[in-house]
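Raw final.cif, mmCIF, C-alpha atoms:
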data_input
#
loop_
_atom_site.label_atom_id
_atom_site.label_comp_id
_atom_site.auth_asym_id
_atom_site.auth_seq_id
_atom_site.Cartn_x
_atom_site.Cartn_y
_atom_site.Cartn_z
CA MET A 1 3.60 -49.85 -70.70
CA ASN A 2 3.54 -52.24 -67.76
CA CYS A 3 3.59 -50.78 -64.28
CA ILE A 4 2.70 -51.49 -60.66
CA GLU A 5 -0.31 -49.72 -59.20
CA ILE A 6 -1.61 -49.30 -55.68
CA SER A 7 -5.10 -50.77 -56.11
CA THR A 8 -6.23 -49.45 -52.72
CA PRO A 9 -4.38 -48.45 -49.55
CA GLY A 10 -3.33 -51.52 -47.62
CA ALA A 11 -0.91 -54.42 -47.23
CA PRO A 12 1.74 -55.40 -49.81
CA GLU A 13 -0.76 -57.43 -51.89
CA VAL A 14 -2.46 -54.20 -53.02
CA LEU A 15 0.53 -53.66 -55.35
CA VAL A 16 -0.76 -55.13 -58.60
CA PRO A 17 0.45 -55.21 -62.22
CA ALA A 18 -1.36 -52.80 -64.53
CA GLN A 19 -1.02 -51.09 -67.88
CA ARG A 20 -0.78 -47.34 -68.37
CA PRO A 21 -0.06 -45.07 -71.35
CA ARG A 22 3.63 -44.43 -71.80
CA PRO A 23 4.48 -40.96 -70.35
CA VAL A 24 5.85 -38.20 -72.56
CA ALA A 25 8.82 -36.05 -71.62
CA GLY A 26 8.12 -32.32 -71.46
CA ALA A 27 10.37 -29.28 -71.26
CA GLY A 28 13.45 -29.99 -69.18
CA GLU A 29 12.60 -33.69 -68.90
CA ALA A 30 13.89 -37.04 -70.10
CA LEU A 31 11.93 -40.23 -70.78
CA ILE A 32 13.80 -43.19 -69.28
CA ARG A 33 13.29 -46.79 -70.37
CA VAL A 34 13.46 -48.29 -66.91
CA ARG A 35 15.51 -51.40 -66.23
CA ALA A 36 15.43 -51.26 -62.43
CA SER A 37 13.55 -49.34 -59.73
CA GLY A 38 14.61 -48.78 -56.13
CA VAL A 39 12.23 -49.61 -53.28
CA ASN A 40 12.17 -47.21 -50.34
CA ARG A 41 10.34 -46.66 -47.05
CA PRO A 42 8.29 -43.76 -48.50
CA ASP A 43 6.90 -46.22 -51.09
CA VAL A 44 5.60 -48.36 -48.22
CA LEU A 45 4.01 -45.33 -46.57
CA GLN A 46 2.38 -44.31 -49.86
CA ARG A 47 1.03 -47.83 -50.36
CA MET A 48 -0.52 -47.67 -46.88
CA GLY A 49 -2.17 -44.34 -47.66
CA HIS A 50 0.07 -42.27 -45.38
CA TYR A 51 2.27 -40.44 -47.91
CA PRO A 52 0.42 -39.12 -50.97
CA PRO A 53 2.46 -37.95 -53.97
CA PRO A 54 2.96 -34.20 -54.33
CA PRO A 55 0.73 -32.28 -56.75
CA GLY A 56 1.57 -33.03 -60.36
CA ALA A 57 3.53 -36.22 -59.61
CA SER A 58 2.50 -39.67 -60.84
CA ASP A 59 0.32 -41.68 -58.48
CA LEU A 60 2.49 -44.74 -59.20
CA PRO A 61 4.97 -45.45 -56.39
CA GLY A 62 8.71 -45.34 -56.92
CA LEU A 63 11.22 -42.55 -56.22
CA GLU A 64 14.28 -43.77 -58.13
CA VAL A 65 15.01 -45.54 -61.39
CA ALA A 66 17.87 -46.63 -63.59
CA GLY A 67 17.76 -47.25 -67.31
CA VAL A 68 18.38 -45.71 -70.70
CA ILE A 69 17.33 -42.28 -71.98
CA GLU A 70 14.70 -42.93 -74.65
CA SER A 71 13.92 -39.31 -75.56
CA GLY A 72 13.78 -35.88 -74.01
CA ASP A 73 14.45 -32.16 -74.14
CA ALA A 74 17.54 -31.97 -76.38
CA VAL A 75 18.68 -28.62 -74.99
CA ALA A 76 18.39 -29.74 -71.37
CA LEU A 77 20.12 -33.05 -72.13
CA ARG A 78 22.98 -31.30 -73.89
CA ALA A 79 23.40 -28.86 -71.01
CA ALA A 80 23.64 -31.80 -68.60
CA GLY A 81 26.17 -33.62 -70.77
CA LEU A 82 23.68 -36.39 -71.52
CA ALA A 83 22.18 -37.83 -74.72
CA VAL A 84 19.56 -40.29 -75.94
CA GLY A 85 20.89 -43.80 -75.38
CA ASP A 86 22.88 -42.93 -72.25
CA ARG A 87 22.53 -45.06 -69.14
CA VAL A 88 21.34 -42.95 -66.22
CA CYS A 89 19.86 -43.18 -62.76
CA ALA A 90 17.38 -40.58 -61.59
CA LEU A 91 15.50 -39.30 -58.58
CA VAL A 92 11.78 -38.83 -59.29
CA ALA A 93 8.77 -37.66 -57.27
CA GLY A 94 6.74 -40.72 -58.31
CA GLY A 95 6.17 -43.11 -61.18
CA GLY A 96 9.27 -45.25 -60.69
CA TYR A 97 7.43 -48.60 -60.62
CA ALA A 98 6.98 -48.69 -64.39
CA GLU A 99 8.75 -49.66 -67.61
CA TYR A 100 8.99 -45.99 -68.59
CA CYS A 101 9.38 -42.97 -66.33
CA VAL A 102 9.79 -39.24 -66.89
CA ALA A 103 12.44 -37.43 -64.84
CA PRO A 104 13.72 -33.85 -64.77
CA VAL A 105 17.02 -33.90 -66.64
CA VAL A 106 18.76 -32.10 -63.78
CA GLN A 107 17.89 -35.04 -61.51
CA CYS A 108 19.54 -37.59 -63.82
CA LEU A 109 23.07 -38.84 -63.21
CA PRO A 110 25.27 -40.93 -65.50
CA VAL A 111 25.87 -44.59 -64.67
CA SER A 112 29.43 -45.88 -64.89
CA GLN A 113 30.08 -49.06 -66.85
CA GLY A 114 31.02 -50.96 -63.72
CA LEU A 115 27.53 -50.73 -62.17
CA SER A 116 24.60 -53.02 -62.92
CA ASP A 117 21.14 -51.56 -63.49
CA ALA A 118 20.03 -52.80 -60.06
CA GLU A 119 23.03 -51.19 -58.39
CA ALA A 120 22.43 -47.92 -60.23
CA ALA A 121 18.75 -47.90 -59.23
CA SER A 122 19.76 -48.23 -55.57
CA LEU A 123 21.65 -44.93 -55.57
CA PRO A 124 19.52 -41.80 -56.11
CA GLU A 125 17.05 -41.69 -53.21
CA THR A 126 19.55 -42.50 -50.49
CA PHE A 127 22.48 -40.58 -51.96
CA PHE A 128 20.42 -37.41 -52.52
CA THR A 129 18.92 -37.74 -49.01
CA VAL A 130 22.21 -38.36 -47.22
CA TRP A 131 24.05 -35.62 -49.05
CA THR A 132 21.50 -32.88 -48.40
CA ASN A 133 20.94 -33.87 -44.77
CA VAL A 134 24.33 -35.02 -43.50
CA PHE A 135 26.57 -32.69 -45.50
CA ASP A 136 24.39 -29.67 -46.33
CA ARG A 137 22.12 -29.38 -43.28
CA GLY A 138 24.33 -31.32 -40.85
CA ARG A 139 27.58 -29.72 -42.13
CA LEU A 140 29.58 -32.86 -41.33
CA GLN A 141 33.33 -32.22 -41.58
CA ALA A 142 36.37 -34.46 -41.69
CA GLY A 143 37.45 -35.40 -38.18
CA GLU A 144 33.94 -35.10 -36.72
CA THR A 145 31.77 -37.93 -35.39
CA LEU A 146 28.48 -38.94 -37.03
CA LEU A 147 25.86 -41.08 -35.27
CA ILE A 148 23.54 -42.90 -37.70
CA GLN A 149 20.31 -44.34 -36.36
CA GLY A 150 19.51 -47.46 -38.36
CA GLY A 151 22.84 -48.26 -39.95
CA THR A 152 21.65 -51.17 -42.10
CA SER A 153 18.78 -49.34 -43.80
CA GLY A 154 19.27 -48.03 -47.32
CA ILE A 155 19.93 -44.59 -45.86
CA GLY A 156 22.20 -46.06 -43.21
CA VAL A 157 24.52 -48.02 -45.49
CA THR A 158 24.89 -44.96 -47.69
CA ALA A 159 25.54 -42.60 -44.78
CA ILE A 160 28.20 -44.91 -43.33
CA GLN A 161 30.12 -45.02 -46.59
CA LEU A 162 29.84 -41.35 -47.53
CA ALA A 163 30.81 -40.18 -44.05
CA LYS A 164 33.85 -42.47 -43.97
CA ALA A 165 34.91 -41.34 -47.45
CA ALA A 166 34.66 -37.75 -46.20
CA GLY A 167 36.98 -38.47 -43.27
CA ALA A 168 34.48 -38.69 -40.40
CA THR A 169 34.28 -41.16 -37.53
CA VAL A 170 31.05 -43.17 -37.77
CA ILE A 171 28.93 -44.71 -35.02
CA ALA A 172 25.90 -46.68 -36.24
CA THR A 173 23.00 -48.26 -34.37
CA ALA A 174 21.23 -51.46 -35.40
CA GLY A 175 18.76 -53.90 -33.89
CA SER A 176 20.88 -57.06 -33.70
CA ASP A 177 24.46 -58.14 -33.27
CA GLU A 178 24.41 -59.46 -36.85
CA LYS A 179 23.32 -56.08 -38.18
CA CYS A 180 25.96 -54.36 -36.06
CA ALA A 181 28.56 -56.61 -37.67
CA ALA A 182 27.22 -55.57 -41.09
CA CYS A 183 27.67 -51.90 -40.15
CA LEU A 184 31.28 -52.55 -39.16
CA SER A 185 31.91 -54.41 -42.41
CA LEU A 186 30.71 -51.35 -44.32
CA GLY A 187 33.24 -49.13 -42.55
CA ALA A 188 31.54 -47.92 -39.38
CA ASP A 189 34.05 -47.40 -36.57
CA HIS A 190 31.57 -48.51 -33.91
CA ALA A 191 28.16 -50.20 -33.93
CA ILE A 192 25.65 -50.21 -31.07
CA ASN A 193 22.88 -52.76 -30.64
CA TYR A 194 20.11 -50.42 -29.50
CA LYS A 195 18.07 -53.35 -28.16
CA SER A 196 20.73 -54.37 -25.65
CA SER A 197 22.53 -51.07 -24.96
CA ASP A 198 21.66 -47.45 -24.24
CA PHE A 199 22.89 -45.80 -27.43
CA ALA A 200 23.24 -42.37 -25.79
CA ALA A 201 25.44 -43.70 -22.99
CA GLU A 202 27.51 -45.68 -25.50
CA VAL A 203 28.04 -42.62 -27.72
CA LEU A 204 29.33 -40.64 -24.76
CA ARG A 205 31.59 -43.53 -23.74
CA LEU A 206 32.98 -43.97 -27.25
CA THR A 207 33.68 -40.25 -27.60
CA ASP A 208 35.22 -39.82 -24.13
CA GLY A 209 32.23 -37.74 -23.07
CA ARG A 210 32.36 -35.28 -25.96
CA GLY A 211 29.34 -36.64 -27.85
CA ALA A 212 28.55 -36.85 -31.55
CA ASN A 213 28.91 -33.78 -33.76
CA VAL A 214 26.08 -34.84 -36.10
CA ILE A 215 23.21 -37.29 -35.63
CA LEU A 216 21.14 -38.61 -38.54
CA ASP A 217 17.80 -39.65 -37.06
CA MET A 218 15.04 -41.65 -38.76
CA VAL A 219 13.16 -42.39 -35.53
CA ALA A 220 12.33 -39.11 -33.70
CA GLY A 221 9.81 -39.63 -30.87
CA ASP A 222 11.51 -40.41 -27.58
CA TYR A 223 14.89 -40.73 -29.33
CA VAL A 224 15.16 -36.96 -29.55
CA ALA A 225 15.71 -36.40 -25.82
CA ARG A 226 18.48 -39.00 -25.72
CA GLU A 227 20.06 -37.59 -28.87
CA VAL A 228 20.12 -34.08 -27.42
CA GLY A 229 21.87 -35.57 -24.41
CA CYS A 230 24.66 -37.16 -26.47
CA LEU A 231 25.38 -34.31 -28.90
CA ALA A 232 28.68 -32.51 -28.66
CA GLU A 233 28.86 -28.75 -28.24
CA GLU A 234 27.70 -27.07 -31.48
CA GLY A 235 26.20 -30.45 -32.44
CA ARG A 236 23.59 -30.88 -35.16
CA LEU A 237 20.62 -33.26 -34.99
CA VAL A 238 19.03 -33.91 -38.39
CA ILE A 239 15.63 -35.65 -38.39
CA ILE A 240 14.56 -37.22 -41.70
CA ALA A 241 11.77 -39.60 -40.60
CA VAL A 242 9.45 -40.09 -37.64
CA GLN A 243 9.11 -43.87 -37.30
CA GLY A 244 9.04 -43.46 -33.52
CA GLY A 245 6.39 -40.73 -33.51
CA VAL A 246 6.11 -37.00 -34.20
CA LYS A 247 6.11 -35.76 -30.59
CA ALA A 248 9.22 -35.37 -28.45
CA GLN A 249 10.18 -33.86 -25.09
CA PHE A 250 13.77 -32.86 -24.46
CA ASP A 251 15.94 -30.68 -22.26
CA ALA A 252 15.86 -27.29 -23.96
CA GLY A 253 18.48 -26.08 -21.50
CA LEU A 254 21.01 -28.43 -23.10
CA VAL A 255 20.17 -26.97 -26.50
CA LEU A 256 20.98 -23.50 -25.17
CA ARG A 257 24.09 -24.36 -23.18
CA ARG A 258 25.64 -26.57 -25.85
CA ARG A 259 24.49 -24.33 -28.74
CA LEU A 260 22.82 -27.24 -30.51
CA VAL A 261 20.94 -27.24 -33.80
CA ILE A 262 17.86 -29.41 -34.32
CA THR A 263 16.75 -29.49 -37.93
CA GLY A 264 15.06 -31.77 -40.44
CA SER A 265 13.84 -31.98 -44.00
CA THR A 266 11.81 -33.83 -46.58
CA LEU A 267 13.03 -34.08 -50.16
CA ARG A 268 10.16 -35.31 -52.30
CA VAL A 269 8.28 -32.01 -52.47
CA ARG A 270 11.33 -29.83 -53.15
CA PRO A 271 11.59 -28.25 -56.65
CA ALA A 272 13.70 -29.70 -59.44
CA ALA A 273 16.22 -26.87 -59.17
CA PHE A 274 16.93 -27.79 -55.54
CA LYS A 275 17.33 -31.47 -56.35
CA GLY A 276 19.41 -30.57 -59.40
CA ALA A 277 21.89 -28.74 -57.18
CA ILE A 278 22.23 -31.88 -55.07
CA ALA A 279 22.77 -33.93 -58.24
CA GLN A 280 25.60 -31.62 -59.27
CA ALA A 281 27.25 -31.95 -55.88
CA LEU A 282 26.97 -35.72 -56.06
CA ARG A 283 28.40 -35.81 -59.57
CA GLN A 284 31.36 -33.65 -58.58
CA GLN A 285 32.14 -35.03 -55.14
CA VAL A 286 30.59 -38.49 -54.72
CA TRP A 287 30.60 -40.04 -58.20
CA PRO A 288 34.43 -40.11 -58.18
CA TRP A 289 34.25 -42.11 -54.93
CA LEU A 290 31.96 -44.61 -56.69
CA GLU A 291 34.34 -44.88 -59.63
CA GLN A 292 37.28 -45.38 -57.27
CA GLY A 293 35.43 -48.07 -55.29
CA ARG A 294 35.56 -46.06 -52.06
CA VAL A 295 31.75 -46.11 -52.01
CA LYS A 296 29.64 -48.94 -53.42
CA PRO A 297 25.95 -49.78 -53.85
CA ILE A 298 24.62 -52.29 -51.32
CA VAL A 299 21.76 -54.29 -52.86
CA HIS A 300 20.20 -56.78 -50.47
CA ALA A 301 17.65 -58.31 -52.86
CA GLN A 302 16.19 -57.99 -56.34
CA PHE A 303 12.66 -58.92 -57.43
CA ALA A 304 11.17 -59.08 -60.91
CA ALA A 305 8.55 -56.35 -60.57
CA LEU A 306 5.70 -58.11 -62.38
CA GLU A 307 6.35 -61.71 -61.39
CA PRO A 308 3.90 -63.19 -58.86
CA ALA A 309 5.52 -65.13 -56.02
CA ALA A 310 4.70 -66.63 -52.62
CA GLY A 311 0.98 -66.03 -53.03
CA LEU A 312 1.48 -62.33 -53.78
CA PRO A 313 0.33 -60.66 -57.02
CA SER A 314 3.70 -59.14 -57.91
CA GLY A 315 7.39 -59.11 -57.13
CA ALA A 316 6.82 -55.54 -55.95
CA ALA A 317 4.48 -56.88 -53.24
CA ARG A 318 7.15 -59.35 -52.15
CA ALA A 319 9.73 -56.55 -52.05
CA HIS A 320 7.46 -54.47 -49.80
CA ALA A 321 6.88 -57.44 -47.50
CA LEU A 322 10.64 -57.84 -47.14
CA MET A 323 11.11 -54.14 -46.39
CA GLN A 324 8.41 -54.17 -43.74
CA GLY A 325 10.02 -57.20 -42.12
CA GLY A 326 13.11 -55.10 -41.48
CA GLN A 327 15.65 -57.88 -41.96
CA HIS A 328 17.37 -56.43 -45.02
CA VAL A 329 20.81 -54.82 -45.07
CA GLY A 330 20.94 -52.17 -47.79
CA LYS A 331 18.60 -51.63 -50.71
CA ILE A 332 15.78 -53.64 -52.27
CA VAL A 333 15.36 -53.30 -56.05
CA LEU A 334 12.74 -54.18 -58.67
CA THR A 335 13.83 -55.26 -62.15
CA TRP A 336 11.94 -54.94 -65.42
CA GLU A 337 12.53 -57.67 -67.97
CA GLY A 338 12.17 -57.14 -71.70
CA THR A 339 12.18 -53.35 -71.61
#
Would it be possible to restate this file's structure as structure tokens?
Amino acid sequence: MNCIEISTPGAPEVLVPAQRPRPVAGAGEALIRVRASGVNRPDVLQRMGHYPPPPGASDLPGLEVAGVIESGDAVALRAAGLAVGDRVCALVAGGGYAEYCVAPVVQCLPVSQGLSDAEAASLPETFFTVWTNVFDRGRLQAGETLLIQGGTSGIGVTAIQLAKAAGATVIATAGSDEKCAACLSLGADHAINYKSSDFAAEVLRLTDGRGANVILDMVAGDYVAREVGCLAEEGRLVIIAVQGGVKAQFDAGLVLRRRLVITGSTLRVRPAAFKGAIAQALRQQVWPWLEQGRVKPIVHAQFAALEPAAGLPSGAARAHALMQGGQHVGKIVLTWEGT
């Protein structure tokens, strides 16, 4: 099969086309003929040598795919209500940048007829991440206020939509007025340009001094102190990335007096059973929102995975260059022709 390898840690041009043996599905697994692969920030970190795959996972990048079930564990497929030939999207621990990918059946979700392959491939990584962090760990409830740091990222556009569908008030931050407008168009109630405004002061102003009930943070670093300062009583801060650094200083007295919770998680290394439980929650509670049009995939750009362009060896390299530039709104997707 064709795939995209990381030839050596480095810049986007280290993503090169290659050929590998087609993987074989084992117990509890499905082999997916991939039509589209989502591109995510962890892929960029892996390419740079900062985020190695967990033990047993493919060394190929890619955490989400969409395509057709080619083969698999018949018992597991039947238990999941799936069959060979079904269109699915799936969360994987690696190996997504390839024409064929193996996924645990419990991490596969059906794709409705109204979604393209690229749209389907944009769903798993962000939907699994947002659900487990905002709704499970963050315990967001209808009527509460959610602050999302980075509202136009793949995570951000998903969090805006899911929180609004769940009945929450949403405040999103972004790095330009244009991106703030994009957040509002996706349903955010308020958008803050963090380059021209103090987001913590704005959150307190917008909530009449109460603060946000839940904050979804992909920055960490010096953001943490400001986030602690703009959390409501019993507020929950959920950290899912550390783009601003791993060290933070904050007022621990506020944590005590306001009874705050600071938590965080990573998803890639969690077992299939844990991810399968998230998949079931998504299928029961979020997939109906997709079918009703209350939530929709936001695909910023698509690239043919193997096609060289703009002096780069692959469309995957171009996709990574776009992601690192930070100008996208929503997801970036690779497509596989002829599979």
Do you know which residues the PyMOL selection byres ((chain A and resi 220-234) around 7) returns on this file, as a PDB file with C-alpha atoms, in the frame of the given file?
ATOM      1  CA  ALA A 200      23.240 -42.370 -25.790  1.00  0.00           C
ATOM      2  CA  VAL A 203      28.040 -42.620 -27.720  1.00  0.00           C
ATOM      3  CA  LEU A 204      29.330 -40.640 -24.760  1.00  0.00           C
ATOM      4  CA  ARG A 210      32.360 -35.280 -25.960  1.00  0.00           C
ATOM      5  CA  GLY A 211      29.340 -36.640 -27.850  1.00  0.00           C
ATOM      6  CA  ALA A 212      28.550 -36.850 -31.550  1.00  0.00           C
ATOM      7  CA  ASN A 213      28.910 -33.780 -33.760  1.00  0.00           C
ATOM      8  CA  ASP A 217      17.800 -39.650 -37.060  1.00  0.00           C
ATOM      9  CA  MET A 218      15.040 -41.650 -38.760  1.00  0.00           C
ATOM     10  CA  VAL A 219      13.160 -42.390 -35.530  1.00  0.00           C
ATOM     11  CA  GLY A 235      26.200 -30.450 -32.440  1.00  0.00           C
ATOM     12  CA  ARG A 236      23.590 -30.880 -35.160  1.00  0.00           C
ATOM     13  CA  ILE A 239      15.630 -35.650 -38.390  1.00  0.00           C
ATOM     14  CA  ALA A 241      11.770 -39.600 -40.600  1.00  0.00           C
ATOM     15  CA  VAL A 242       9.450 -40.090 -37.640  1.00  0.00           C
ATOM     16  CA  GLN A 243       9.110 -43.870 -37.300  1.00  0.00           C
ATOM     17  CA  GLY A 244       9.040 -43.460 -33.520  1.00  0.00           C
ATOM     18  CA  GLY A 245       6.390 -40.730 -33.510  1.00  0.00           C
ATOM     19  CA  VAL A 246       6.110 -37.000 -34.200  1.00  0.00           C
ATOM     20  CA  LYS A 247       6.110 -35.760 -30.590  1.00  0.00           C
ATOM     21  CA  ALA A 248       9.220 -35.370 -28.450  1.00  0.00           C
ATOM     22  CA  GLN A 249      10.180 -33.860 -25.090  1.00  0.00           C
ATOM     23  CA  PHE A 250      13.770 -32.860 -24.460  1.00  0.00           C
ATOM     24  CA  ASP A 251      15.940 -30.680 -22.260  1.00  0.00           C
ATOM     25  CA  ARG A 258      25.640 -26.570 -25.850  1.00  0.00           C
ATOM     26  CA  ARG A 259      24.490 -24.330 -28.740  1.00  0.00           C
ATOM     27  CA  LEU A 260      22.820 -27.240 -30.510  1.00  0.00           C
TER      28      LEU A 260
END
Matched chain/residue IDs from the PyMOL selection byres ((chain A and resi 142-147) around 10), as JSON, numbers by chain: {"A": [134, 138, 139, 140, 141, 148, 149, 150, 151, 159, 160, 163, 164, 165, 166, 167, 168, 169, 170, 171, 172, 173, 188, 189, 190, 191, 199, 200, 203, 207, 210, 211, 212, 213, 214, 215, 216, 217, 227, 230, 231, 232, 235, 236, 237]}
For range 206-306 of chain A against range 110-128 of chain A, with a cut-off of 9 Å and counting all atoms listed in the file, what is the closest atom pair and its distance in Å to one decimal for every residue that makes the cut, ordered by chain and number, as CSV?
residue,atom,partner,partner_atom,distance
A:Leu267,CA,A:Phe128,CA,8.4
A:Lys275,CA,A:Phe128,CA,7.7
A:Ile278,CA,A:Phe128,CA,6.4
A:Ala279,CA,A:Phe128,CA,7.1
A:Leu282,CA,A:Phe128,CA,7.6
A:Arg283,CA,A:Pro110,CA,8.4
A:Val286,CA,A:Phe127,CA,8.8
A:Trp287,CA,A:Ser112,CA,9.0
A:Leu290,CA,A:Ser112,CA,8.7
A:Glu291,CA,A:Ser112,CA,7.3
A:Lys296,CA,A:Glu119,CA,8.6
A:Pro297,CA,A:Glu119,CA,5.6
A:Ile298,CA,A:Glu119,CA,7.3
A:Val299,CA,A:Glu119,CA,6.5
A:Gln302,CA,A:Ala118,CA,7.5
On this file, the PyMOL selection byres ((chain A and resi 3) around 7) gives some set of residues; write that set as an MDAnalysis selection string. chainID A and resid 1:2 4:5 17:20 97:99
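Note that the spacing between CA of Val102 in chain A and CA of Gly28 in chain A amounts to 10.2 Å.
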So which residues touch Lys331 in chain A within 8 Å, counting all atoms listed in the file, skipping near sequence neighbours fewer than 3 positions away, as a ChimeraX atom specification? /A:38-40,122,153-154,298-301,328
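Between CA of Ala305 in chain A and CA of Val106 in chain A lies a distance of 26.5 Å.
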Could you name the residues that touch Arg268 in chain A at 9 Å or less, counting all atoms listed in the file, but leaving out those on the same chain fewer than 4 positions away, as a list in words? Pro53, Pro54, Leu63, Val92, Ala93 and Gly94 of chain A
In Å, how far is it from CA of Leu15 in chain A to CA of Leu31 in chain A?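 Separation of CA of Leu15 in chain A and CA of Leu31 in chain A: 23.4 Å.
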Excluding Val65 in chain A and its own-chain neighbours fewer than 2 positions away, which residues fall within 6 Å of it when counting all atoms listed in the file? Please give them as a PyMOL selection string. chain A and resi 36-37+89-90+96+121
Spatial neighbours of Val16 in chain A, 9 Å, all atoms listed in the file, chain gap at least 5 places, as a list in words: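 Near Val16 in chain A, the qualifying residues are Cys3, Ile4, Glu5, Ile6, Ser7, Leu306, Leu312, Pro313, Ser314, Ala316 and Ala317 of chain A.
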Could you tell me, as a PDB file with C-alpha atoms, keeping the file's coordinate frame, which residues have any atom at most 8 Å from (17.7, -34.5, -63.5), counting all atoms listed in the file?
ATOM      1  CA  GLU A  29      12.600 -33.690 -68.900  1.00  0.00           C
ATOM      2  CA  ALA A  90      17.380 -40.580 -61.590  1.00  0.00           C
ATOM      3  CA  LEU A  91      15.500 -39.300 -58.580  1.00  0.00           C
ATOM      4  CA  ALA A 103      12.440 -37.430 -64.840  1.00  0.00           C
ATOM      5  CA  PRO A 104      13.720 -33.850 -64.770  1.00  0.00           C
ATOM      6  CA  VAL A 105      17.020 -33.900 -66.640  1.00  0.00           C
ATOM      7  CA  VAL A 106      18.760 -32.100 -63.780  1.00  0.00           C
ATOM      8  CA  GLN A 107      17.890 -35.040 -61.510  1.00  0.00           C
ATOM      9  CA  CYS A 108      19.540 -37.590 -63.820  1.00  0.00           C
ATOM     10  CA  LEU A 109      23.070 -38.840 -63.210  1.00  0.00           C
ATOM     11  CA  ALA A 272      13.700 -29.700 -59.440  1.00  0.00           C
ATOM     12  CA  LYS A 275      17.330 -31.470 -56.350  1.00  0.00           C
ATOM     13  CA  GLY A 276      19.410 -30.570 -59.400  1.00  0.00           C
ATOM     14  CA  ALA A 279      22.770 -33.930 -58.240  1.00  0.00           C
TER      15      ALA A 279
END
Taking (5.2, -52.6, -41.1) in the file's own coordinates, collect the residues within 12 Å, counting only C-alpha atoms, and hand them back as number ranges by chain. A: 10-12, 41-45, 47-48, 243, 320-327
